[in-house]
Amino acid sequence: MPVIFGKAPGKIILFGEHAVVYGQPAIAIPVLDVNATARVTPILNTEAGKVRVQASDIGLDELLKDLPEDDPLGAAIRATLNEITPTHTPAFEIQIDSNIPISAGMGSGAAVTVAIIRALSAFLGRPLSNERISEMAFEIEKLHHGTPSGIDNTVVTFQKPVFFQRDEPIRTLSISRPTHWVIADTGKQTPTRETVGAVRALYDGSPETYEEIFAEIGSIVHVARQALSAGDLPFLGQLLEKNQQFLQDLQVSDPALEKLIKAARDAGAVDAKLSGGGRGGNIIALVPPERSSQVQEALLEAGAVRVMPTILRETIA
Ligand code: PMV
């Protein structure tokens, strides 16, 4: 039996975070320079069904039977075994690696889950469809993140830019002109669960006001879809700025994010906004290609702990 690999990229949200939890659309793209991989190798001459799980990044080397029920890696392996219910499970070892920053709004949890399901289902001789992998990853996201919208598992599974709306069929984005972006991390980690909860508290206090804000964000996302497709930089800049203002109204921006957004603008970015849950985490800046290095340097000088350029183009693999 050969060694089998499964892989999934990181992701970043361009427009529509938070409002997406309330049924509005959002746009997210895969970040292909970082990814999670799972490698399954049979273990010979040992009892059937023995499963060894290794994740060197987090110092994990355990038998599956010893992993707690709520361990995310164990959950992905068990879900795949349940889905396929093989008549005979050979003993195997699964090695998981990822260079996607953790708790940084880049979908690392979903990518690890997808890589595991992909590798293990192929190893067991029943590679699952992307639709099914994404559904399974969504269930596992729920275990760990409360009420996810489903955007992470969708983007990392399909590896395509998506216009995502809860309970709607997946719509990919058609891109006629590439756009260049820079992701920058404040280094401050705030769990998405916390910011989603804070927005929920605001909403519960005044549902009509916040419904209106979510609807405004939804309108931005609809227009942004066309502007992205056409590569219309000035218009995209205006939309980023507007979306950021609504995120300020939702109280999920903070001084560290604002500082990076300003630094990006001052260094020649078209515009920038926070990306993901907020109160720390990342910003995303749209840049004219010739300004990308300058913007990256300015962001590092302004305190970003990591910058990552990425290009949104049609032929994303
Ligand atoms: O922090 P991230 O990139 O995982 O994104 C969170 C996005 C939210 O809209 C705030 C929550 C969600 O589940 O969509």
# chains A, B, ... in the order shown; residues from 1 in each chain; ligands from 1

$ residues_near_ligand --ligand "ligand 1" --cutoff "7 Å" --atoms "only C-alpha atoms and all ligand atoms" --output "JSON, numbers by chain"
{"A": [12, 13, 17, 18, 19, 20, 21, 104, 105, 106, 107, 147, 148, 149, 150, 151, 152, 192, 195, 196, 275, 276, 277, 278]}

$ select_by_dssp --residues "region 61-173 of chain A" --states "helix (DSSP H, G or I)" --output "ChimeraX atom specification"
/A:64-66,72-84,108-123,130-145,151-158

$ closest_residue --among "A:Leu247, A:Val31, A:Leu124, A:Ala76" --to "Ile4 (chain A)" --atoms "only C-alpha atoms"
A:Leu124

$ residues_around --residues "Gln245 (chain A)" --least-positions-apart "6" --cutoff "10 Å" --atoms "only C-alpha atoms" --output "ChimeraX atom specification"
/A:217,239,251,253,273

$ residues_around --residues "Ala122 (chain A)" --least-positions-apart "6" --cutoff "9 Å" --atoms "only C-alpha atoms" --output "VMD selection string"
chain A and resid 4 to 6 128

$ residues_around --residues "region 154-168 of chain A" --least-positions-apart "6" --cutoff "6 Å" --atoms "only C-alpha atoms" --output "list in words"
Ala8, Pro9, Gly23, Pro25, Ala26, Ile27, Ala28, Ile29, Pro30, Ala111 and Ser134 of chain A

$ write_last_selection --atoms "all heavy atoms" --output "tab-separated table (two decimals), in the first residue's frame"
chain	number	residue	atom	x	y	z
A	8	ALA	N	-4.46	20.92	1.85
A	8	ALA	CA	-5.46	22.00	1.75
A	8	ALA	C	-4.76	23.32	2.08
A	8	ALA	O	-3.88	23.36	2.95
A	8	ALA	CB	-6.61	21.75	2.72
A	9	PRO	N	-5.15	24.41	1.39
A	9	PRO	CA	-4.47	25.70	1.59
A	9	PRO	C	-5.06	26.51	2.75
A	9	PRO	O	-6.07	26.12	3.33
A	9	PRO	CB	-4.76	26.41	0.27
A	9	PRO	CG	-6.12	25.93	-0.12
A	9	PRO	CD	-6.21	24.49	0.37
A	23	GLY	N	-26.41	35.62	7.54
A	23	GLY	CA	-27.04	35.27	6.26
A	23	GLY	C	-26.63	36.13	5.07
A	23	GLY	O	-27.10	35.91	3.96
A	25	PRO	N	-23.85	37.59	2.21
A	25	PRO	CA	-22.73	36.93	1.53
A	25	PRO	C	-21.37	37.45	2.00
A	25	PRO	O	-21.31	38.55	2.59
A	25	PRO	CB	-22.96	37.30	0.06
A	25	PRO	CG	-23.72	38.58	0.10
A	25	PRO	CD	-24.55	38.56	1.35
A	26	ALA	N	-20.34	36.69	1.75
A	26	ALA	CA	-18.96	37.14	2.00
A	26	ALA	C	-18.08	36.58	0.89
A	26	ALA	O	-18.43	35.60	0.24
A	26	ALA	CB	-18.47	36.65	3.36
A	27	ILE	N	-16.94	37.23	0.70
A	27	ILE	CA	-15.98	36.76	-0.32
A	27	ILE	C	-14.69	36.37	0.38
A	27	ILE	O	-14.13	37.14	1.16
A	27	ILE	CB	-15.72	37.85	-1.37
A	27	ILE	CG1	-16.99	38.08	-2.20
A	27	ILE	CG2	-14.55	37.46	-2.28
A	27	ILE	CD1	-16.92	39.25	-3.16
A	28	ALA	N	-14.23	35.15	0.10
A	28	ALA	CA	-12.96	34.69	0.67
A	28	ALA	C	-12.16	34.01	-0.43
A	28	ALA	O	-12.73	33.48	-1.39
A	28	ALA	CB	-13.20	33.73	1.82
A	29	ILE	N	-10.84	34.05	-0.27
A	29	ILE	CA	-9.97	33.45	-1.30
A	29	ILE	C	-8.98	32.49	-0.64
A	29	ILE	O	-8.61	32.67	0.53
A	29	ILE	CB	-9.20	34.55	-2.09
A	29	ILE	CG1	-8.26	35.36	-1.17
A	29	ILE	CG2	-10.18	35.48	-2.80
A	29	ILE	CD1	-7.31	36.30	-1.91
A	30	PRO	N	-8.55	31.47	-1.37
A	30	PRO	CA	-7.53	30.60	-0.81
A	30	PRO	C	-6.17	31.30	-0.83
A	30	PRO	O	-5.93	32.14	-1.70
A	30	PRO	CB	-7.52	29.40	-1.76
A	30	PRO	CG	-8.09	29.89	-3.03
A	30	PRO	CD	-8.95	31.08	-2.73
A	111	ALA	N	-8.26	23.64	7.35
A	111	ALA	CA	-7.32	23.08	6.37
A	111	ALA	C	-6.75	21.75	6.87
A	111	ALA	O	-6.63	20.78	6.10
A	111	ALA	CB	-6.20	24.07	6.07
A	134	SER	N	-16.25	18.99	2.47
A	134	SER	CA	-16.57	20.30	3.03
A	134	SER	C	-17.67	20.16	4.11
A	134	SER	O	-17.57	20.78	5.19
A	134	SER	CB	-17.01	21.24	1.91
A	134	SER	OG	-17.24	22.52	2.41

$ residues_around --residues "region 285-293 of chain A" --least-positions-apart "5" --cutoff "10 Å" --atoms "only C-alpha atoms" --output "PyMOL selection string"
chain A and resi 14+178-184+233-234+236-237+240+260-261+264-265+267-275+298-299+309-311

$ atom_distance --atom1 "CA of Thr37 (chain A)" --atom2 "CA of Ile116 (chain A)"
7.5 Å

$ residues_around --residues "Thr85 (chain A)" --least-positions-apart "4" --cutoff "12 Å" --atoms "only C-alpha atoms" --output "ChimeraX atom specification"
/A:49,77-81,89,120-121,124-126

$ atom_distance --atom1 "CA of Asp33 (chain A)" --atom2 "CA of Asp97 (chain A)"
14.2 Å

$ atom_distance --atom1 "CA of Ile94 (chain A)" --atom2 "CA of Thr41 (chain A)"
6.5 Å
